$ cat final.txt   # compact mmCIF, C-alpha atoms
# COMPACT_ATOMS: atom_id res chain seq x y z
CA MET A 1 -3.63 34.41 23.33
CA ASP A 2 -5.36 35.06 20.01
CA PRO A 3 -8.17 32.67 19.04
CA TRP A 4 -6.63 31.97 15.63
CA LEU A 5 -3.43 30.82 17.33
CA ILE A 6 -5.39 28.48 19.60
CA TRP A 7 -7.14 26.97 16.55
CA LEU A 8 -3.79 26.61 14.83
CA ILE A 9 -2.37 24.71 17.81
CA VAL A 10 -5.48 22.48 17.90
CA ALA A 11 -5.02 21.79 14.16
CA ALA A 12 -1.38 20.86 14.72
CA ILE A 13 -2.32 18.49 17.56
CA PHE A 14 -4.96 16.76 15.41
CA VAL A 15 -2.57 16.41 12.48
CA MET A 16 0.18 14.98 14.70
CA ALA A 17 -2.28 12.51 16.22
CA GLU A 18 -3.39 11.52 12.69
CA ILE A 19 0.19 10.69 11.77
CA PHE A 20 0.28 8.09 14.52
CA THR A 21 -3.23 6.64 14.06
CA LEU A 22 -3.80 6.79 10.26
CA THR A 23 -7.59 6.79 10.67
CA ALA A 24 -8.21 9.81 8.41
CA ALA A 25 -10.69 11.13 11.01
CA LEU A 26 -8.22 13.17 13.03
CA GLY A 27 -6.80 14.62 9.83
CA MET A 28 -10.27 15.88 8.93
CA LEU A 29 -10.57 17.47 12.38
CA GLY A 30 -7.18 19.09 11.85
CA ALA A 31 -8.29 20.48 8.50
CA ALA A 32 -11.46 21.85 10.10
CA ALA A 33 -9.42 23.48 12.87
CA LEU A 34 -7.09 25.00 10.27
CA ILE A 35 -10.02 26.49 8.35
CA THR A 36 -11.47 27.75 11.62
CA ALA A 37 -8.12 29.38 12.44
CA GLY A 38 -8.44 31.30 9.17
CA THR A 39 -11.94 32.48 10.06
CA ALA A 40 -10.78 33.45 13.55
CA ALA A 41 -7.93 35.47 12.04
CA ALA A 42 -10.51 37.23 9.87
CA GLY A 43 -12.26 38.38 13.05
CA LEU A 44 -15.25 36.03 13.27
CA ALA A 45 -16.80 35.84 16.75
CA PRO A 46 -16.06 32.71 18.84
CA PRO A 47 -19.60 31.23 18.62
CA PHE A 48 -19.39 31.42 14.83
CA GLN A 49 -15.90 29.91 14.93
CA PHE A 50 -17.35 26.84 16.68
CA LEU A 51 -20.14 26.75 14.09
CA VAL A 52 -17.57 26.83 11.26
CA PHE A 53 -15.56 24.08 12.98
CA THR A 54 -18.69 21.92 13.40
CA VAL A 55 -19.88 22.38 9.82
CA VAL A 56 -16.47 21.74 8.25
CA THR A 57 -15.90 18.70 10.48
CA THR A 58 -19.30 17.24 9.58
CA VAL A 59 -18.82 17.80 5.85
CA THR A 60 -15.31 16.35 5.78
CA LEU A 61 -16.18 13.31 7.92
CA LEU A 62 -19.31 12.52 5.92
CA PHE A 63 -18.04 13.18 2.40
CA VAL A 64 -14.25 13.47 2.22
CA ARG A 65 -13.20 10.72 4.65
CA PRO A 66 -14.98 7.85 2.81
CA ILE A 67 -13.31 8.90 -0.44
CA ALA A 68 -9.90 9.10 1.25
CA LEU A 69 -10.33 5.69 2.88
CA ARG A 70 -11.37 4.15 -0.45
CA HIS A 71 -8.13 5.37 -2.00
CA LEU A 72 -6.00 4.25 0.95
CA LEU A 73 -7.51 0.77 1.14
CA GLN A 74 -7.26 -0.11 -2.56
CA PRO A 75 -5.41 -3.35 -3.18
CA GLN A 76 -1.96 -3.06 -4.64
CA THR A 77 -2.29 -3.50 -8.41
CA GLU A 78 1.37 -3.77 -9.27
CA ARG A 79 3.61 -6.56 -8.02
CA PHE A 80 7.18 -5.73 -7.11
CA GLY A 81 10.37 -7.65 -6.37
CA VAL A 82 10.17 -11.43 -6.42
CA ASP A 83 6.37 -11.31 -6.42
CA ALA A 84 6.54 -9.91 -9.95
CA LEU A 85 8.33 -13.06 -11.13
CA VAL A 86 5.46 -15.41 -10.23
CA GLY A 87 3.64 -16.39 -13.41
CA LYS A 88 6.52 -15.47 -15.72
CA ALA A 89 8.12 -17.84 -18.17
CA ALA A 90 11.58 -19.22 -17.47
CA TYR A 91 14.10 -21.20 -19.49
CA VAL A 92 15.70 -24.27 -17.92
CA VAL A 93 19.51 -23.86 -17.97
CA SER A 94 20.32 -27.10 -16.18
CA GLU A 95 18.02 -30.03 -15.41
CA VAL A 96 15.46 -29.21 -12.71
CA THR A 97 14.40 -31.84 -10.20
CA GLY A 98 12.62 -31.71 -6.89
CA MET A 99 16.00 -30.99 -5.24
CA GLU A 100 18.01 -28.76 -7.61
CA GLY A 101 18.34 -27.07 -10.96
CA ARG A 102 18.84 -23.69 -12.62
CA VAL A 103 16.55 -21.50 -14.71
CA ARG A 104 16.87 -18.16 -16.47
CA ILE A 105 14.09 -15.70 -15.64
CA GLY A 106 14.19 -12.45 -17.56
CA GLY A 107 17.95 -12.57 -18.09
CA GLU A 108 18.85 -13.60 -14.54
CA GLU A 109 19.85 -17.09 -13.51
CA TRP A 110 18.04 -18.56 -10.50
CA THR A 111 18.32 -21.77 -8.56
CA ALA A 112 15.20 -23.80 -9.14
CA ARG A 113 13.24 -26.80 -7.96
CA SER A 114 10.35 -28.56 -9.60
CA TYR A 115 6.97 -27.50 -8.16
CA ASP A 116 5.96 -31.17 -8.39
CA GLU A 117 8.85 -32.93 -6.65
CA THR A 118 8.39 -36.07 -8.76
CA LEU A 119 9.02 -34.27 -12.06
CA VAL A 120 12.38 -34.02 -13.79
CA ILE A 121 12.45 -31.10 -16.23
CA PRO A 122 15.15 -31.38 -18.93
CA GLN A 123 17.45 -28.57 -20.03
CA GLY A 124 15.98 -26.28 -22.71
CA THR A 125 12.36 -26.58 -21.51
CA THR A 126 10.21 -23.51 -21.01
CA VAL A 127 8.60 -23.47 -17.57
CA ASP A 128 6.31 -21.21 -15.58
CA VAL A 129 7.40 -19.77 -12.24
CA MET A 130 4.80 -20.93 -9.74
CA GLU A 131 6.35 -19.56 -6.55
CA ILE A 132 9.54 -17.98 -5.21
CA SER A 133 10.85 -19.48 -1.99
CA GLY A 134 13.82 -17.48 -0.72
CA SER A 135 16.17 -17.38 -3.69
CA THR A 136 14.78 -20.51 -5.33
CA ALA A 137 12.15 -20.53 -8.07
CA LEU A 138 9.60 -23.33 -7.94
CA VAL A 139 8.75 -24.08 -11.57
CA TYR A 140 6.37 -26.25 -13.56
CA PRO A 141 6.69 -27.17 -17.27
CA ARG A 142 4.48 -25.33 -19.72
CA GLU A 143 1.77 -27.38 -21.37

$ encode --input "final.txt" --output "structure tokens"
Amino acid sequence: MDPWLIWLIVAAIFVMAEIFTLTAALGMLGAAALITAGTAAAGLAPPFQFLVFTVVTTVTLLFVRPIALRHLLQPQTERFGVDALVGKAAYVVSEVTGMEGRVRIGGEEWTARSYDETLVIPQGTTVDVMEISGSTALVYPRE
């Protein structure tokens, strides 16, 4: 079997293992094996192939992996779905108490409850959405 084909198989194994572990380390080893497969196909002797594999692995693990992990582990900056509604203004459609009520948030009507169960918020008041619990908005009157 040709050495380049062996390196290609090793690269495929590392990449498949990376898919299941998501550590970014095995992906770097797979990239190093892929580059080594190219050098083996060019006719480089086996000892130099191992040297290329070692150098590329070291460089990618020391320099590329930390950058990749930094990008993967960044906190999500955008909020989606009901999380995006928290903090928005709402308009009270029908009186909101600690048990029931209705508000309009961005053109959609939601069931609502007062965030402070002792408050009664009259119709027509502008409120802030403090939390979404299931399909119910917990709201508090704007100051």

$ closest_residue --input "final.txt" --among "A:Leu69, A:Ile132, A:Ala31, A:Val64" --to "Met16 in chain A" --atoms "only C-alpha atoms"
A:Ala31

$ closest_residue --input "final.txt" --among "A:Ala42, A:Val56, A:Met99, A:Ala84" --to "Asp2 in chain A" --atoms "all atoms listed in the file"
A:Ala42

$ closest_residue --input "final.txt" --among "A:Ala40, A:Met28, A:Val92, A:Ile121" --to "Trp4 in chain A" --atoms "only C-alpha atoms"
A:Ala40

$ residues_around --input "final.txt" --residues "Val103 in chain A" --least-positions-apart "5" --cutoff "7 Å" --atoms "all atoms listed in the file" --output "number ranges by chain"
A: 90-94, 109-112

$ closest_residue --input "final.txt" --among "A:Phe20, A:Trp7, A:Phe80, A:Phe50" --to "Ala37 in chain A" --atoms "only C-alpha atoms"
A:Trp7

$ closest_residue --input "final.txt" --among "A:Tyr140, A:Ala89, A:Ile105, A:Glu131" --to "Thr118 in chain A" --atoms "all atoms listed in the file"
A:Tyr140

$ closest_residue --input "final.txt" --among "A:Ala25, A:Val86, A:Ile9, A:Leu34" --to "Phe63 in chain A" --atoms "only C-alpha atoms"
A:Ala25

$ atom_distance --input "final.txt" --atom1 "CA of Arg70 in chain A" --atom2 "CA of Thr23 in chain A"
12.0 Å

$ atom_distance --input "final.txt" --atom1 "CA of Val139 in chain A" --atom2 "CA of Gly87 in chain A"
9.4 Å

$ atom_distance --input "final.txt" --atom1 "CA of Arg113 in chain A" --atom2 "CA of Ala137 in chain A"
6.4 Å

$ residues_around --input "final.txt" --residues "Gly38 in chain A" --least-positions-apart "5" --cutoff "12 Å" --atoms "only C-alpha atoms" --output "number ranges by chain"
A: 2-8, 11, 31-33, 43-44, 49, 52-53

$ write_last_selection --input "final.txt" --atoms "C-alpha atoms" --output "PDB file, in the frame of the given file"
ATOM      1  CA  ASP A   2      -5.360  35.060  20.010  1.00  0.00           C
ATOM      2  CA  PRO A   3      -8.170  32.670  19.040  1.00  0.00           C
ATOM      3  CA  TRP A   4      -6.630  31.970  15.630  1.00  0.00           C
ATOM      4  CA  LEU A   5      -3.430  30.820  17.330  1.00  0.00           C
ATOM      5  CA  ILE A   6      -5.390  28.480  19.600  1.00  0.00           C
ATOM      6  CA  TRP A   7      -7.140  26.970  16.550  1.00  0.00           C
ATOM      7  CA  LEU A   8      -3.790  26.610  14.830  1.00  0.00           C
ATOM      8  CA  ALA A  11      -5.020  21.790  14.160  1.00  0.00           C
ATOM      9  CA  ALA A  31      -8.290  20.480   8.500  1.00  0.00           C
ATOM     10  CA  ALA A  32     -11.460  21.850  10.100  1.00  0.00           C
ATOM     11  CA  ALA A  33      -9.420  23.480  12.870  1.00  0.00           C
ATOM     12  CA  GLY A  43     -12.260  38.380  13.050  1.00  0.00           C
ATOM     13  CA  LEU A  44     -15.250  36.030  13.270  1.00  0.00           C
ATOM     14  CA  GLN A  49     -15.900  29.910  14.930  1.00  0.00           C
ATOM     15  CA  VAL A  52     -17.570  26.830  11.260  1.00  0.00           C
ATOM     16  CA  PHE A  53     -15.560  24.080  12.980  1.00  0.00           C
TER      17      PHE A  53
END

$ residues_around --input "final.txt" --residues "Val15 in chain A" --least-positions-apart "3" --cutoff "7 Å" --atoms "all atoms listed in the file" --output "list in words"
Ala11, Ala12, Glu18, Ile19, Leu26, Gly27 and Gly30 of chain A

$ build_atoms --input "final.txt" --residues "range 64-95 of chain A" --atoms "N, CA and C atoms" --output "PDB file, in the frame of the given file"
ATOM      1  N   VAL A  64     -15.648  13.583   2.642  1.00  0.00           N
ATOM      2  CA  VAL A  64     -14.250  13.470   2.220  1.00  0.00           C
ATOM      3  C   VAL A  64     -13.592  12.215   2.772  1.00  0.00           C
ATOM      4  N   ARG A  65     -13.849  11.877   4.021  1.00  0.00           N
ATOM      5  CA  ARG A  65     -13.200  10.720   4.650  1.00  0.00           C
ATOM      6  C   ARG A  65     -13.493   9.406   3.918  1.00  0.00           C
ATOM      7  N   PRO A  66     -14.749   9.112   3.534  1.00  0.00           N
ATOM      8  CA  PRO A  66     -14.980   7.850   2.810  1.00  0.00           C
ATOM      9  C   PRO A  66     -14.200   7.774   1.492  1.00  0.00           C
ATOM     10  N   ILE A  67     -14.077   8.890   0.806  1.00  0.00           N
ATOM     11  CA  ILE A  67     -13.310   8.900  -0.440  1.00  0.00           C
ATOM     12  C   ILE A  67     -11.835   8.655  -0.149  1.00  0.00           C
ATOM     13  N   ALA A  68     -11.312   9.292   0.889  1.00  0.00           N
ATOM     14  CA  ALA A  68      -9.900   9.100   1.250  1.00  0.00           C
ATOM     15  C   ALA A  68      -9.632   7.665   1.662  1.00  0.00           C
ATOM     16  N   LEU A  69     -10.514   7.079   2.439  1.00  0.00           N
ATOM     17  CA  LEU A  69     -10.330   5.690   2.880  1.00  0.00           C
ATOM     18  C   LEU A  69     -10.395   4.720   1.693  1.00  0.00           C
ATOM     19  N   ARG A  70     -11.281   5.003   0.734  1.00  0.00           N
ATOM     20  CA  ARG A  70     -11.370   4.150  -0.450  1.00  0.00           C
ATOM     21  C   ARG A  70     -10.050   4.137  -1.208  1.00  0.00           C
ATOM     22  N   HIS A  71      -9.408   5.299  -1.293  1.00  0.00           N
ATOM     23  CA  HIS A  71      -8.130   5.370  -2.000  1.00  0.00           C
ATOM     24  C   HIS A  71      -7.002   4.728  -1.198  1.00  0.00           C
ATOM     25  N   LEU A  72      -7.048   4.839   0.110  1.00  0.00           N
ATOM     26  CA  LEU A  72      -6.000   4.250   0.950  1.00  0.00           C
ATOM     27  C   LEU A  72      -6.100   2.731   1.001  1.00  0.00           C
ATOM     28  N   LEU A  73      -7.310   2.193   0.951  1.00  0.00           N
ATOM     29  CA  LEU A  73      -7.510   0.770   1.140  1.00  0.00           C
ATOM     30  C   LEU A  73      -7.593  -0.018  -0.160  1.00  0.00           C
ATOM     31  N   GLN A  74      -7.254   0.613  -1.291  1.00  0.00           N
ATOM     32  CA  GLN A  74      -7.260  -0.110  -2.560  1.00  0.00           C
ATOM     33  C   GLN A  74      -6.166  -1.165  -2.551  1.00  0.00           C
ATOM     34  N   PRO A  75      -6.462  -2.328  -3.120  1.00  0.00           N
ATOM     35  CA  PRO A  75      -5.410  -3.350  -3.180  1.00  0.00           C
ATOM     36  C   PRO A  75      -4.292  -2.917  -4.118  1.00  0.00           C
ATOM     37  N   GLN A  76      -3.124  -3.382  -3.821  1.00  0.00           N
ATOM     38  CA  GLN A  76      -1.960  -3.060  -4.640  1.00  0.00           C
ATOM     39  C   GLN A  76      -2.103  -3.738  -5.996  1.00  0.00           C
ATOM     40  N   THR A  77      -2.077  -2.938  -7.074  1.00  0.00           N
ATOM     41  CA  THR A  77      -2.290  -3.500  -8.410  1.00  0.00           C
ATOM     42  C   THR A  77      -0.998  -3.986  -9.040  1.00  0.00           C
ATOM     43  N   GLU A  78       0.081  -3.373  -8.705  1.00  0.00           N
ATOM     44  CA  GLU A  78       1.370  -3.770  -9.270  1.00  0.00           C
ATOM     45  C   GLU A  78       2.102  -4.688  -8.302  1.00  0.00           C
ATOM     46  N   ARG A  79       2.784  -5.694  -8.851  1.00  0.00           N
ATOM     47  CA  ARG A  79       3.610  -6.560  -8.020  1.00  0.00           C
ATOM     48  C   ARG A  79       5.055  -6.139  -8.184  1.00  0.00           C
ATOM     49  N   PHE A  80       5.792  -6.173  -7.105  1.00  0.00           N
ATOM     50  CA  PHE A  80       7.180  -5.730  -7.110  1.00  0.00           C
ATOM     51  C   PHE A  80       8.087  -6.836  -6.573  1.00  0.00           C
ATOM     52  N   GLY A  81       9.374  -6.720  -6.884  1.00  0.00           N
ATOM     53  CA  GLY A  81      10.370  -7.650  -6.370  1.00  0.00           C
ATOM     54  C   GLY A  81      10.128  -9.060  -6.876  1.00  0.00           C
ATOM     55  N   VAL A  82      10.326 -10.037  -6.011  1.00  0.00           N
ATOM     56  CA  VAL A  82      10.170 -11.430  -6.420  1.00  0.00           C
ATOM     57  C   VAL A  82       8.719 -11.776  -6.710  1.00  0.00           C
ATOM     58  N   ASP A  83       7.778 -11.051  -6.130  1.00  0.00           N
ATOM     59  CA  ASP A  83       6.370 -11.310  -6.420  1.00  0.00           C
ATOM     60  C   ASP A  83       6.054 -11.084  -7.890  1.00  0.00           C
ATOM     61  N   ALA A  84       6.774 -10.186  -8.540  1.00  0.00           N
ATOM     62  CA  ALA A  84       6.540  -9.910  -9.950  1.00  0.00           C
ATOM     63  C   ALA A  84       6.999 -11.056 -10.843  1.00  0.00           C
ATOM     64  N   LEU A  85       7.836 -11.944 -10.327  1.00  0.00           N
ATOM     65  CA  LEU A  85       8.330 -13.060 -11.130  1.00  0.00           C
ATOM     66  C   LEU A  85       7.340 -14.224 -11.207  1.00  0.00           C
ATOM     67  N   VAL A  86       6.434 -14.312 -10.243  1.00  0.00           N
ATOM     68  CA  VAL A  86       5.460 -15.410 -10.230  1.00  0.00           C
ATOM     69  C   VAL A  86       4.559 -15.276 -11.454  1.00  0.00           C
ATOM     70  N   GLY A  87       4.450 -16.384 -12.198  1.00  0.00           N
ATOM     71  CA  GLY A  87       3.640 -16.390 -13.410  1.00  0.00           C
ATOM     72  C   GLY A  87       4.439 -16.129 -14.677  1.00  0.00           C
ATOM     73  N   LYS A  88       5.688 -15.724 -14.537  1.00  0.00           N
ATOM     74  CA  LYS A  88       6.520 -15.470 -15.720  1.00  0.00           C
ATOM     75  C   LYS A  88       7.080 -16.773 -16.273  1.00  0.00           C
ATOM     76  N   ALA A  89       7.488 -16.690 -17.529  1.00  0.00           N
ATOM     77  CA  ALA A  89       8.120 -17.840 -18.170  1.00  0.00           C
ATOM     78  C   ALA A  89       9.599 -17.856 -17.829  1.00  0.00           C
ATOM     79  N   ALA A  90      10.153 -19.044 -17.737  1.00  0.00           N
ATOM     80  CA  ALA A  90      11.580 -19.220 -17.470  1.00  0.00           C
ATOM     81  C   ALA A  90      12.119 -20.284 -18.403  1.00  0.00           C
ATOM     82  N   TYR A  91      13.416 -20.259 -18.610  1.00  0.00           N
ATOM     83  CA  TYR A  91      14.100 -21.200 -19.490  1.00  0.00           C
ATOM     84  C   TYR A  91      15.019 -22.050 -18.626  1.00  0.00           C
ATOM     85  N   VAL A  92      14.905 -23.366 -18.748  1.00  0.00           N
ATOM     86  CA  VAL A  92      15.700 -24.270 -17.920  1.00  0.00           C
ATOM     87  C   VAL A  92      17.137 -24.298 -18.457  1.00  0.00           C
ATOM     88  N   VAL A  93      18.100 -23.890 -17.612  1.00  0.00           N
ATOM     89  CA  VAL A  93      19.510 -23.860 -17.970  1.00  0.00           C
ATOM     90  C   VAL A  93      20.168 -25.198 -17.663  1.00  0.00           C
ATOM     91  N   SER A  94      19.848 -25.755 -16.509  1.00  0.00           N
ATOM     92  CA  SER A  94      20.320 -27.100 -16.180  1.00  0.00           C
ATOM     93  C   SER A  94      19.149 -27.871 -15.581  1.00  0.00           C
ATOM     94  N   GLU A  95      19.148 -29.181 -15.787  1.00  0.00           N
ATOM     95  CA  GLU A  95      18.020 -30.030 -15.410  1.00  0.00           C
ATOM     96  C   GLU A  95      17.467 -29.685 -14.022  1.00  0.00           C
TER      97      GLU A  95
END
